Amino acid sequence: MTTVGSTTTARTASQAFPAGFVWGAATAAYQIEGAAHEDGRGPSIWDTFARRPGAVAGGDTGDVACDHYHRWREDIALMASLGLGAYRFSVSWPRVQPDGSGPVNPRGLDFYDRLVDGLLEAGITPYVTLYHWDLPQALEDAGGWTVRDTAYRFAEYAGVVHDRLADRADTWTTINEPWVASFLGYGAGVHAPGRTSADDAFRAAHHLMLAHGLAARRLREAGAERISLTLNLAPVLCPADAPGEADLAAVELVDSLLNRQFLDAALRGSYPDAVLERARRLGHVRDGDLAVIAQPIDSLGINYYNPTYVRAAPGAPENPAFPGSAGVAFPSVDLPTTAMGWPIAPDGLTELLLRLHRDHPGVPLVVTENGAAFDDVPGPDGRVADPARIGYLEGHLRAAHAALAAGVDLRGYLVWSLLDNFEWAEGYGKRFGIVYVDYADQRRLPKDSARWYAGVIARNGLEA
Ligand SMILES: N#[N+]C[C@@H]1[C@@H](O)[C@H](O)[C@@H](O)[C@@H]2O[C@H]12
């Protein structure tokens, strides 16, 4: 039996995963590619935001990152050595269309051509994410995701990339984590483009979802058969023994903003009340938009890291990432944490998967990101012992297995991340990779967790 908030999940006799279960790893363009000013790439909002004093820890930028733009062959060989079945990467929009619209940069597309060919040669399935937060700066200068036009530019860009790669890549994610891109980028201002307006956050969220729907329609018209959307989802929990009405109202609000705003739109063509109220005032949601957003998808990508804990707290200030959350606290809980300070609660993954199975039956699920940052340090022998990460991953794979045993249609698991990388506002100080990157010389050092994960892949499951 799993109890939410604990770190223990029942061990079933067998921890074998279904035949054909997809094991992979995930990355994103701005976090690993580097070559930010090479081969015609234009600036993105993260190139701009990272140069804002104080925006990113240590003043780090993605200018060089993991130099994956030049080291992609080595990285594919590393993936193959681990036995990965799939590799989830994102395409840099400003590398393909430097101004976000109009002329296509052939050298930008050529990189992804080479990457996809290399993956296929290594027997690795490419999982292509079309948007992982690196909006071309020229579009932000014209209003960014707060203006409707950006959604239409995105659908055009999606068509360009799909038409170039669709003969070899068939698994497509339109948008990664629209909540983060909108509520951290336009609401709280802690992500690019660093704007701080609740109204703009809601506008951006809607236009990102409209972009998803328009792109999904464009890809479907072109024959795509494996289209998905990736959401950062989390159980929203009140850690009190006996939550009161105010606590439950706090849970409802945060669940509406974090989870249902995107799940209901994509899978039901509706918004929860908390969003509709804002939409009526702003007028940015037009008739027919939700029908476009609810384009049928073939799977839902889930990025899970930890539950979100809330409770009523009269007088608490509004959390700008959750407009309307005045009087709501986001408490720490008595659980082990990662180097990000995030609680380690594998049973939250089971609960989330069961919820999606219950509320949205018939939608195949893929864990497109799950992983943890820890303060990894290579030993004198070059070995990187990361037992805490192994423990985190094992716990979450057991949690995923518990959901499978309960009948959830879970198709795959992609660890975040293949490589240590640029961790957004945290810069390079937070290491999520199963492979250590020495940024001084770009050496790649597989951590113990990489070898452990390779064993999981080889046996298609955990040791019982
Ligand atoms: N933070 N953190 C780790 C990880 C981030 O590096 C990814 O780019 C996002 O998709 C998601 O937030 C998760």
# chains A, B, ... in the order shown; residues from 1 in each chain; ligands from 1
>>> closest_atom_pairs(of="chain A", to="ligand 1", cutoff="7 Å", atoms="only C-alpha atoms and all ligand atoms", output="CSV")
residue,atom,partner,partner_atom_place_in_ligand_line,distance
A:Ala28,CA,ligand 1,8 (O),6.2
A:Asn176,CA,ligand 1,10 (O),6.2
A:Glu177,CA,ligand 1,10 (O),6.3
A:Asn303,CA,ligand 1,11 (C),6.6
A:Trp416,CA,ligand 1,4 (C),6.8
A:Glu423,CA,ligand 1,6 (O),5.1
A:Trp424,CA,ligand 1,6 (O),6.8
>>> residues_around(residues="stretch 401-405 of chain A", least_positions_apart="2", cutoff="12 Å", atoms="only C-alpha atoms", output="PyMOL selection string")
chain A and resi 1-2+8-18+21+346-358+364-367+394-399+407-413+460-462+464
>>> atom_distance(atom1="atom CA of A:Asp163", atom2="atom CA of A:Arg217")
13.6 Å
>>> select_by_dssp(residues="stretch 231-339 of chain A", states="strand (DSSP E or B)", output="ChimeraX atom specification")
/A:231-232,236-237,299-303,308-309,311-312,328-329,337
>>> closest_atom_pairs(of="stretch 137-225 of chain A", to="stretch 313-318 of chain A", cutoff="12 Å", atoms="only C-alpha atoms", output="CSV")
residue,atom,partner,partner_atom,distance
A:Gly187,CA,A:Glu318,CA,11.5
A:Ala188,CA,A:Glu318,CA,10.6
A:Ala198,CA,A:Glu318,CA,10.9
>>> closest_residue(among="A:Arg218, A:Arg148, A:His132, A:His191", to="A:Glu426", atoms="only C-alpha atoms")
A:His191
>>> closest_residue(among="A:Arg51, A:His68, A:His212, A:His206", to="A:Leu419", atoms="only C-alpha atoms")
A:His68
>>> closest_atom_pairs(of="stretch 25-87 of chain A", to="stretch 103-124 of chain A", cutoff="9 Å", atoms="only C-alpha atoms", output="CSV")
residue,atom,partner,partner_atom,distance
A:Asp39,CA,A:Arg107,CA,5.9
A:Gly40,CA,A:Asn105,CA,6.5
A:Arg41,CA,A:Gly108,CA,6.7
A:Tyr69,CA,A:Phe111,CA,7.7
A:Trp72,CA,A:Leu115,CA,6.9
A:Arg73,CA,A:Gly118,CA,7.1
A:Ile76,CA,A:Leu119,CA,6.5
A:Ala77,CA,A:Ala122,CA,7.5
A:Met79,CA,A:Ile124,CA,8.2
A:Ala80,CA,A:Ala122,CA,6.2
A:Gly83,CA,A:Ile124,CA,8.5
A:Leu84,CA,A:Ile124,CA,6.5
A:Gly85,CA,A:Ile124,CA,5.1
A:Ala86,CA,A:Ile124,CA,5.1
A:Tyr87,CA,A:Ile124,CA,6.7
>>> select_by_dssp(residues="stretch 277-308 of chain A", states="alpha helix (DSSP H)", output="list in words")
Glu277, Arg278, Ala279, Arg280, Arg281, Leu282, Asp289, Leu290, Ala291, Val292 and Ile293 of chain A
>>> atom_distance(atom1="atom CA of A:Val128", atom2="atom CA of A:Thr368")
11.4 Å
>>> atom_distance(atom1="atom CA of A:Tyr453", atom2="atom CA of A:Leu82")
7.5 Å
>>> residues_around(residues="A:Ser449", least_positions_apart="2", cutoff="8 Å", atoms="only C-alpha atoms", output="CSV table (one decimal) with all heavy atoms, in the first residue's frame")
chain,number,residue,atom,x,y,z
A,385,ALA,N,30.4,8.7,-7.6
A,385,ALA,CA,29.4,7.9,-6.8
A,385,ALA,C,28.2,8.8,-6.4
A,385,ALA,O,28.4,9.8,-5.8
A,385,ALA,CB,30.1,7.4,-5.5
A,386,ASP,N,27.1,8.3,-6.8
A,386,ASP,CA,25.8,9.1,-6.6
A,386,ASP,C,24.7,8.2,-6.1
A,386,ASP,O,23.7,8.1,-6.7
A,386,ASP,CB,25.4,9.9,-7.8
A,386,ASP,CG,25.2,9.1,-9.1
A,386,ASP,OD1,25.6,7.9,-9.1
A,386,ASP,OD2,24.4,9.5,-10.0
A,387,PRO,N,25.0,7.6,-4.9
A,387,PRO,CA,23.9,6.7,-4.3
A,387,PRO,C,22.6,7.4,-4.1
A,387,PRO,O,21.6,6.8,-4.2
A,387,PRO,CB,24.6,6.3,-3.0
A,387,PRO,CG,25.6,7.3,-2.7
A,387,PRO,CD,26.1,7.8,-4.0
A,389,ARG,N,21.1,9.6,-5.9
A,389,ARG,CA,20.4,9.6,-7.2
A,389,ARG,C,19.9,8.2,-7.5
A,389,ARG,O,18.7,8.1,-8.0
A,389,ARG,CB,21.3,10.2,-8.3
A,389,ARG,CG,20.5,10.3,-9.6
A,389,ARG,CD,21.3,11.0,-10.7
A,389,ARG,NE,21.5,12.4,-10.4
A,389,ARG,CZ,22.6,13.0,-9.9
A,389,ARG,NH1,23.6,12.2,-9.6
A,389,ARG,NH2,22.6,14.3,-9.7
A,390,ILE,N,20.7,7.2,-7.3
A,390,ILE,CA,20.2,5.9,-7.5
A,390,ILE,C,19.0,5.6,-6.6
A,390,ILE,O,18.0,5.0,-7.1
A,390,ILE,CB,21.3,4.8,-7.3
A,390,ILE,CG1,22.4,5.0,-8.3
A,390,ILE,CG2,20.8,3.4,-7.2
A,390,ILE,CD1,23.7,4.1,-8.0
A,434,ILE,N,22.8,11.9,-15.2
A,434,ILE,CA,23.4,10.6,-14.8
A,434,ILE,C,24.8,10.5,-15.4
A,434,ILE,O,25.5,9.6,-15.1
A,434,ILE,CB,22.5,9.4,-15.3
A,434,ILE,CG1,22.3,9.4,-16.9
A,434,ILE,CG2,21.2,9.4,-14.6
A,434,ILE,CD1,21.6,8.2,-17.4
A,446,PRO,N,30.4,9.0,-16.9
A,446,PRO,CA,29.2,8.3,-16.4
A,446,PRO,C,29.2,8.1,-14.9
A,446,PRO,O,30.2,7.6,-14.4
A,446,PRO,CB,29.2,7.0,-17.2
A,446,PRO,CG,30.1,7.3,-18.4
A,446,PRO,CD,31.1,8.3,-17.9
A,447,LYS,N,28.2,8.6,-14.2
A,447,LYS,CA,28.1,8.4,-12.8
A,447,LYS,C,27.6,7.0,-12.5
A,447,LYS,O,27.2,6.2,-13.4
A,447,LYS,CB,27.1,9.4,-12.2
A,447,LYS,CG,27.4,10.9,-12.5
A,447,LYS,CD,26.3,11.8,-12.0
A,447,LYS,CE,26.5,13.2,-12.5
A,447,LYS,NZ,25.4,14.2,-12.1
A,451,ARG,N,25.4,3.7,-14.8
A,451,ARG,CA,25.6,2.2,-14.9
A,451,ARG,C,24.4,1.5,-14.3
A,451,ARG,O,24.0,0.4,-14.8
A,451,ARG,CB,26.9,1.8,-14.2
A,451,ARG,CG,28.2,2.4,-14.8
A,451,ARG,CD,29.5,2.1,-14.2
A,451,ARG,NE,30.6,2.7,-14.9
A,451,ARG,CZ,31.0,3.9,-14.7
A,451,ARG,NH1,30.4,4.7,-13.8
A,451,ARG,NH2,32.0,4.5,-15.3
A,452,TRP,N,23.9,2.0,-13.2
A,452,TRP,CA,22.7,1.4,-12.5
A,452,TRP,C,21.6,1.4,-13.5
A,452,TRP,O,20.8,0.4,-13.7
A,452,TRP,CB,22.4,2.1,-11.3
A,452,TRP,CG,21.1,1.6,-10.6
A,452,TRP,CD1,21.0,0.6,-9.8
A,452,TRP,CD2,19.8,2.2,-10.8
A,452,TRP,NE1,19.7,0.5,-9.4
A,452,TRP,CE2,18.9,1.4,-10.0
A,452,TRP,CE3,19.3,3.3,-11.6
A,452,TRP,CZ2,17.6,1.7,-10.0
A,452,TRP,CZ3,18.0,3.5,-11.5
A,452,TRP,CH2,17.1,2.8,-10.7
A,453,TYR,N,21.3,2.6,-14.2
A,453,TYR,CA,20.2,2.7,-15.1
A,453,TYR,C,20.4,1.8,-16.3
A,453,TYR,O,19.4,1.2,-16.8
A,453,TYR,CB,20.1,4.2,-15.6
A,453,TYR,CG,18.9,4.5,-16.3
A,453,TYR,CD1,17.6,4.3,-15.8
A,453,TYR,CD2,19.0,5.2,-17.6
A,453,TYR,CE1,16.5,4.6,-16.5
A,453,TYR,CE2,17.8,5.5,-18.3
A,453,TYR,CZ,16.6,5.3,-17.7
A,453,TYR,OH,15.4,5.6,-18.4
>>> residues_around(residues="A:Val160", least_positions_apart="3", cutoff="10 Å", atoms="only C-alpha atoms", output="PDB file with N, CA and C atoms, in the first residue's frame")
ATOM      1  N   VAL A  96      16.600  27.344 -36.047  1.00  0.00           N
ATOM      2  CA  VAL A  96      15.891  26.995 -37.287  1.00  0.00           C
ATOM      3  C   VAL A  96      15.344  28.239 -37.979  1.00  0.00           C
ATOM      4  N   GLN A  97      14.725  29.119 -37.202  1.00  0.00           N
ATOM      5  CA  GLN A  97      14.243  30.408 -37.714  1.00  0.00           C
ATOM      6  C   GLN A  97      14.815  31.506 -36.824  1.00  0.00           C
ATOM      7  N   VAL A 104      14.153  30.260 -43.180  1.00  0.00           N
ATOM      8  CA  VAL A 104      14.672  29.127 -42.413  1.00  0.00           C
ATOM      9  C   VAL A 104      16.189  29.102 -42.571  1.00  0.00           C
ATOM     10  N   LEU A 109      18.737  23.602 -39.365  1.00  0.00           N
ATOM     11  CA  LEU A 109      18.046  22.330 -39.600  1.00  0.00           C
ATOM     12  C   LEU A 109      19.036  21.193 -39.845  1.00  0.00           C
ATOM     13  N   PHE A 154       4.445  29.683 -34.129  1.00  0.00           N
ATOM     14  CA  PHE A 154       4.952  28.391 -33.637  1.00  0.00           C
ATOM     15  C   PHE A 154       4.451  27.252 -34.518  1.00  0.00           C
ATOM     16  N   ALA A 155       3.205  27.309 -34.916  1.00  0.00           N
ATOM     17  CA  ALA A 155       2.666  26.233 -35.760  1.00  0.00           C
ATOM     18  C   ALA A 155       3.403  26.174 -37.092  1.00  0.00           C
ATOM     19  N   GLU A 156       3.768  27.361 -37.626  1.00  0.00           N
ATOM     20  CA  GLU A 156       4.534  27.372 -38.882  1.00  0.00           C
ATOM     21  C   GLU A 156       5.918  26.735 -38.669  1.00  0.00           C
ATOM     22  N   TYR A 157       6.558  27.124 -37.572  1.00  0.00           N
ATOM     23  CA  TYR A 157       7.884  26.567 -37.252  1.00  0.00           C
ATOM     24  C   TYR A 157       7.779  25.060 -37.043  1.00  0.00           C
ATOM     25  N   ASP A 163       8.328  18.678 -41.330  1.00  0.00           N
ATOM     26  CA  ASP A 163       8.464  18.322 -42.750  1.00  0.00           C
ATOM     27  C   ASP A 163       9.902  17.917 -43.078  1.00  0.00           C
ATOM     28  N   ARG A 164      10.871  18.451 -42.310  1.00  0.00           N
ATOM     29  CA  ARG A 164      12.270  18.078 -42.582  1.00  0.00           C
ATOM     30  C   ARG A 164      12.634  16.738 -41.974  1.00  0.00           C
ATOM     31  N   LEU A 165      12.075  16.427 -40.795  1.00  0.00           N
ATOM     32  CA  LEU A 165      12.534  15.236 -40.060  1.00  0.00           C
ATOM     33  C   LEU A 165      11.540  14.071 -40.055  1.00  0.00           C
ATOM     34  N   LEU A 219       0.723  19.108 -37.642  1.00  0.00           N
ATOM     35  CA  LEU A 219       1.476  17.845 -37.753  1.00  0.00           C
ATOM     36  C   LEU A 219       0.550  16.709 -38.147  1.00  0.00           C
TER      37      LEU A 219
END
>>> closest_residue(among="A:Ser299, A:Thr27, A:Asn421, A:Ser332", to="A:Glu225", atoms="only C-alpha atoms")
A:Ser299
>>> closest_residue(among="A:Pro239, A:Asp441, A:Pro378, A:Arg203", to="A:Val64", atoms="only C-alpha atoms")
A:Asp441
>>> decode(residues="stretch 407-423 of chain A", atoms="all heavy atoms", output="compact mmCIF listing (two decimals), in the first residue's frame")
# COMPACT_ATOMS: atom_id res chain seq x y z
N GLY A 407 -2.82 -0.95 -13.42
CA GLY A 407 -3.50 -0.86 -14.70
C GLY A 407 -3.24 0.40 -15.49
O GLY A 407 -3.83 0.62 -16.55
N VAL A 408 -2.34 1.27 -15.01
CA VAL A 408 -2.05 2.51 -15.74
C VAL A 408 -1.31 2.18 -17.04
O VAL A 408 -0.41 1.34 -17.05
CB VAL A 408 -1.20 3.45 -14.87
CG1 VAL A 408 -0.71 4.65 -15.65
CG2 VAL A 408 -2.03 3.91 -13.65
N ASP A 409 -1.72 2.85 -18.10
CA ASP A 409 -1.11 2.63 -19.42
C ASP A 409 0.13 3.52 -19.56
O ASP A 409 0.12 4.53 -20.24
CB ASP A 409 -2.12 2.93 -20.54
CG ASP A 409 -1.56 2.62 -21.91
OD1 ASP A 409 -0.43 2.08 -22.01
OD2 ASP A 409 -2.25 2.95 -22.91
N LEU A 410 1.19 3.10 -18.86
CA LEU A 410 2.45 3.85 -18.90
C LEU A 410 3.37 3.21 -19.93
O LEU A 410 3.66 2.02 -19.85
CB LEU A 410 3.09 3.85 -17.51
CG LEU A 410 4.41 4.63 -17.39
CD1 LEU A 410 4.20 6.12 -17.62
CD2 LEU A 410 5.05 4.40 -16.01
N ARG A 411 3.80 3.98 -20.89
CA ARG A 411 4.55 3.43 -22.03
C ARG A 411 6.06 3.59 -21.93
O ARG A 411 6.80 2.88 -22.63
CB ARG A 411 4.07 4.10 -23.33
CG ARG A 411 2.57 4.00 -23.61
CD ARG A 411 2.16 2.57 -23.97
NE ARG A 411 0.73 2.45 -24.20
CZ ARG A 411 0.15 2.66 -25.40
NH1 ARG A 411 0.89 3.03 -26.45
NH2 ARG A 411 -1.17 2.53 -25.56
N GLY A 412 6.50 4.54 -21.09
CA GLY A 412 7.94 4.77 -21.05
C GLY A 412 8.36 5.66 -19.93
O GLY A 412 7.52 6.29 -19.26
N TYR A 413 9.69 5.69 -19.72
CA TYR A 413 10.29 6.51 -18.66
C TYR A 413 11.59 7.09 -19.21
O TYR A 413 12.45 6.33 -19.71
CB TYR A 413 10.59 5.63 -17.44
CG TYR A 413 11.32 6.33 -16.31
CD1 TYR A 413 10.64 6.93 -15.26
CD2 TYR A 413 12.72 6.39 -16.30
CE1 TYR A 413 11.31 7.56 -14.23
CE2 TYR A 413 13.40 7.03 -15.28
CZ TYR A 413 12.69 7.61 -14.24
OH TYR A 413 13.36 8.25 -13.21
N LEU A 414 11.71 8.42 -19.17
CA LEU A 414 12.90 9.11 -19.67
C LEU A 414 13.51 9.87 -18.50
O LEU A 414 12.89 10.78 -17.95
CB LEU A 414 12.53 10.05 -20.82
CG LEU A 414 11.70 9.43 -21.95
CD1 LEU A 414 11.26 10.52 -22.94
CD2 LEU A 414 12.48 8.36 -22.69
N VAL A 415 14.71 9.49 -18.13
CA VAL A 415 15.34 10.11 -16.96
C VAL A 415 15.80 11.53 -17.30
O VAL A 415 16.25 11.82 -18.43
CB VAL A 415 16.55 9.26 -16.48
CG1 VAL A 415 17.69 9.24 -17.50
CG2 VAL A 415 17.04 9.74 -15.13
N TRP A 416 15.57 12.45 -16.35
CA TRP A 416 16.16 13.78 -16.49
C TRP A 416 17.37 13.84 -15.59
O TRP A 416 17.22 13.78 -14.36
CB TRP A 416 15.17 14.90 -16.12
CG TRP A 416 15.82 16.23 -16.38
CD1 TRP A 416 16.57 16.97 -15.50
CD2 TRP A 416 15.84 16.94 -17.63
NE1 TRP A 416 17.04 18.10 -16.13
CE2 TRP A 416 16.62 18.10 -17.43
CE3 TRP A 416 15.28 16.71 -18.88
CZ2 TRP A 416 16.85 19.02 -18.43
CZ3 TRP A 416 15.51 17.64 -19.89
CH2 TRP A 416 16.28 18.78 -19.66
N SER A 417 18.59 13.92 -16.10
CA SER A 417 18.86 14.17 -17.51
C SER A 417 20.02 13.28 -17.95
O SER A 417 20.70 12.68 -17.10
CB SER A 417 19.22 15.65 -17.72
OG SER A 417 19.51 15.92 -19.08
N LEU A 418 20.23 13.19 -19.22
CA LEU A 418 21.40 12.43 -19.69
C LEU A 418 22.67 13.04 -19.14
O LEU A 418 23.53 12.36 -18.58
CB LEU A 418 21.46 12.43 -21.23
CG LEU A 418 22.73 11.82 -21.82
CD1 LEU A 418 22.75 10.30 -21.62
CD2 LEU A 418 22.85 12.17 -23.31
N LEU A 419 22.78 14.35 -19.28
CA LEU A 419 24.01 15.09 -18.92
C LEU A 419 23.70 16.13 -17.85
O LEU A 419 22.60 16.69 -17.82
CB LEU A 419 24.57 15.84 -20.15
CG LEU A 419 24.92 15.05 -21.41
CD1 LEU A 419 25.25 16.03 -22.53
CD2 LEU A 419 26.08 14.11 -21.15
N ASP A 420 24.65 16.40 -16.97
CA ASP A 420 24.60 17.65 -16.21
C ASP A 420 24.46 18.77 -17.23
O ASP A 420 24.99 18.68 -18.35
CB ASP A 420 25.90 17.86 -15.43
CG ASP A 420 26.08 16.85 -14.31
OD1 ASP A 420 25.07 16.29 -13.85
OD2 ASP A 420 27.24 16.63 -13.92
N ASN A 421 23.75 19.82 -16.89
CA ASN A 421 23.51 20.85 -17.92
C ASN A 421 23.16 22.18 -17.28
O ASN A 421 23.17 22.32 -16.06
CB ASN A 421 22.40 20.37 -18.87
CG ASN A 421 21.09 20.09 -18.14
OD1 ASN A 421 20.56 20.97 -17.46
ND2 ASN A 421 20.59 18.86 -18.26
N PHE A 422 22.81 23.15 -18.10
CA PHE A 422 22.43 24.50 -17.66
C PHE A 422 21.05 24.42 -17.02
O PHE A 422 20.04 24.24 -17.71
CB PHE A 422 22.40 25.45 -18.86
CG PHE A 422 21.93 26.85 -18.54
CD1 PHE A 422 22.78 27.77 -17.96
CD2 PHE A 422 20.62 27.24 -18.82
CE1 PHE A 422 22.35 29.07 -17.68
CE2 PHE A 422 20.18 28.54 -18.54
CZ PHE A 422 21.04 29.44 -17.97
N GLU A 423 21.01 24.52 -15.71
CA GLU A 423 19.76 24.33 -14.98
C GLU A 423 19.03 25.65 -14.79
O GLU A 423 18.70 26.08 -13.69
CB GLU A 423 20.01 23.64 -13.64
CG GLU A 423 18.76 23.33 -12.85
CD GLU A 423 17.65 22.79 -13.72
OE1 GLU A 423 17.87 21.80 -14.42
OE2 GLU A 423 16.56 23.40 -13.72
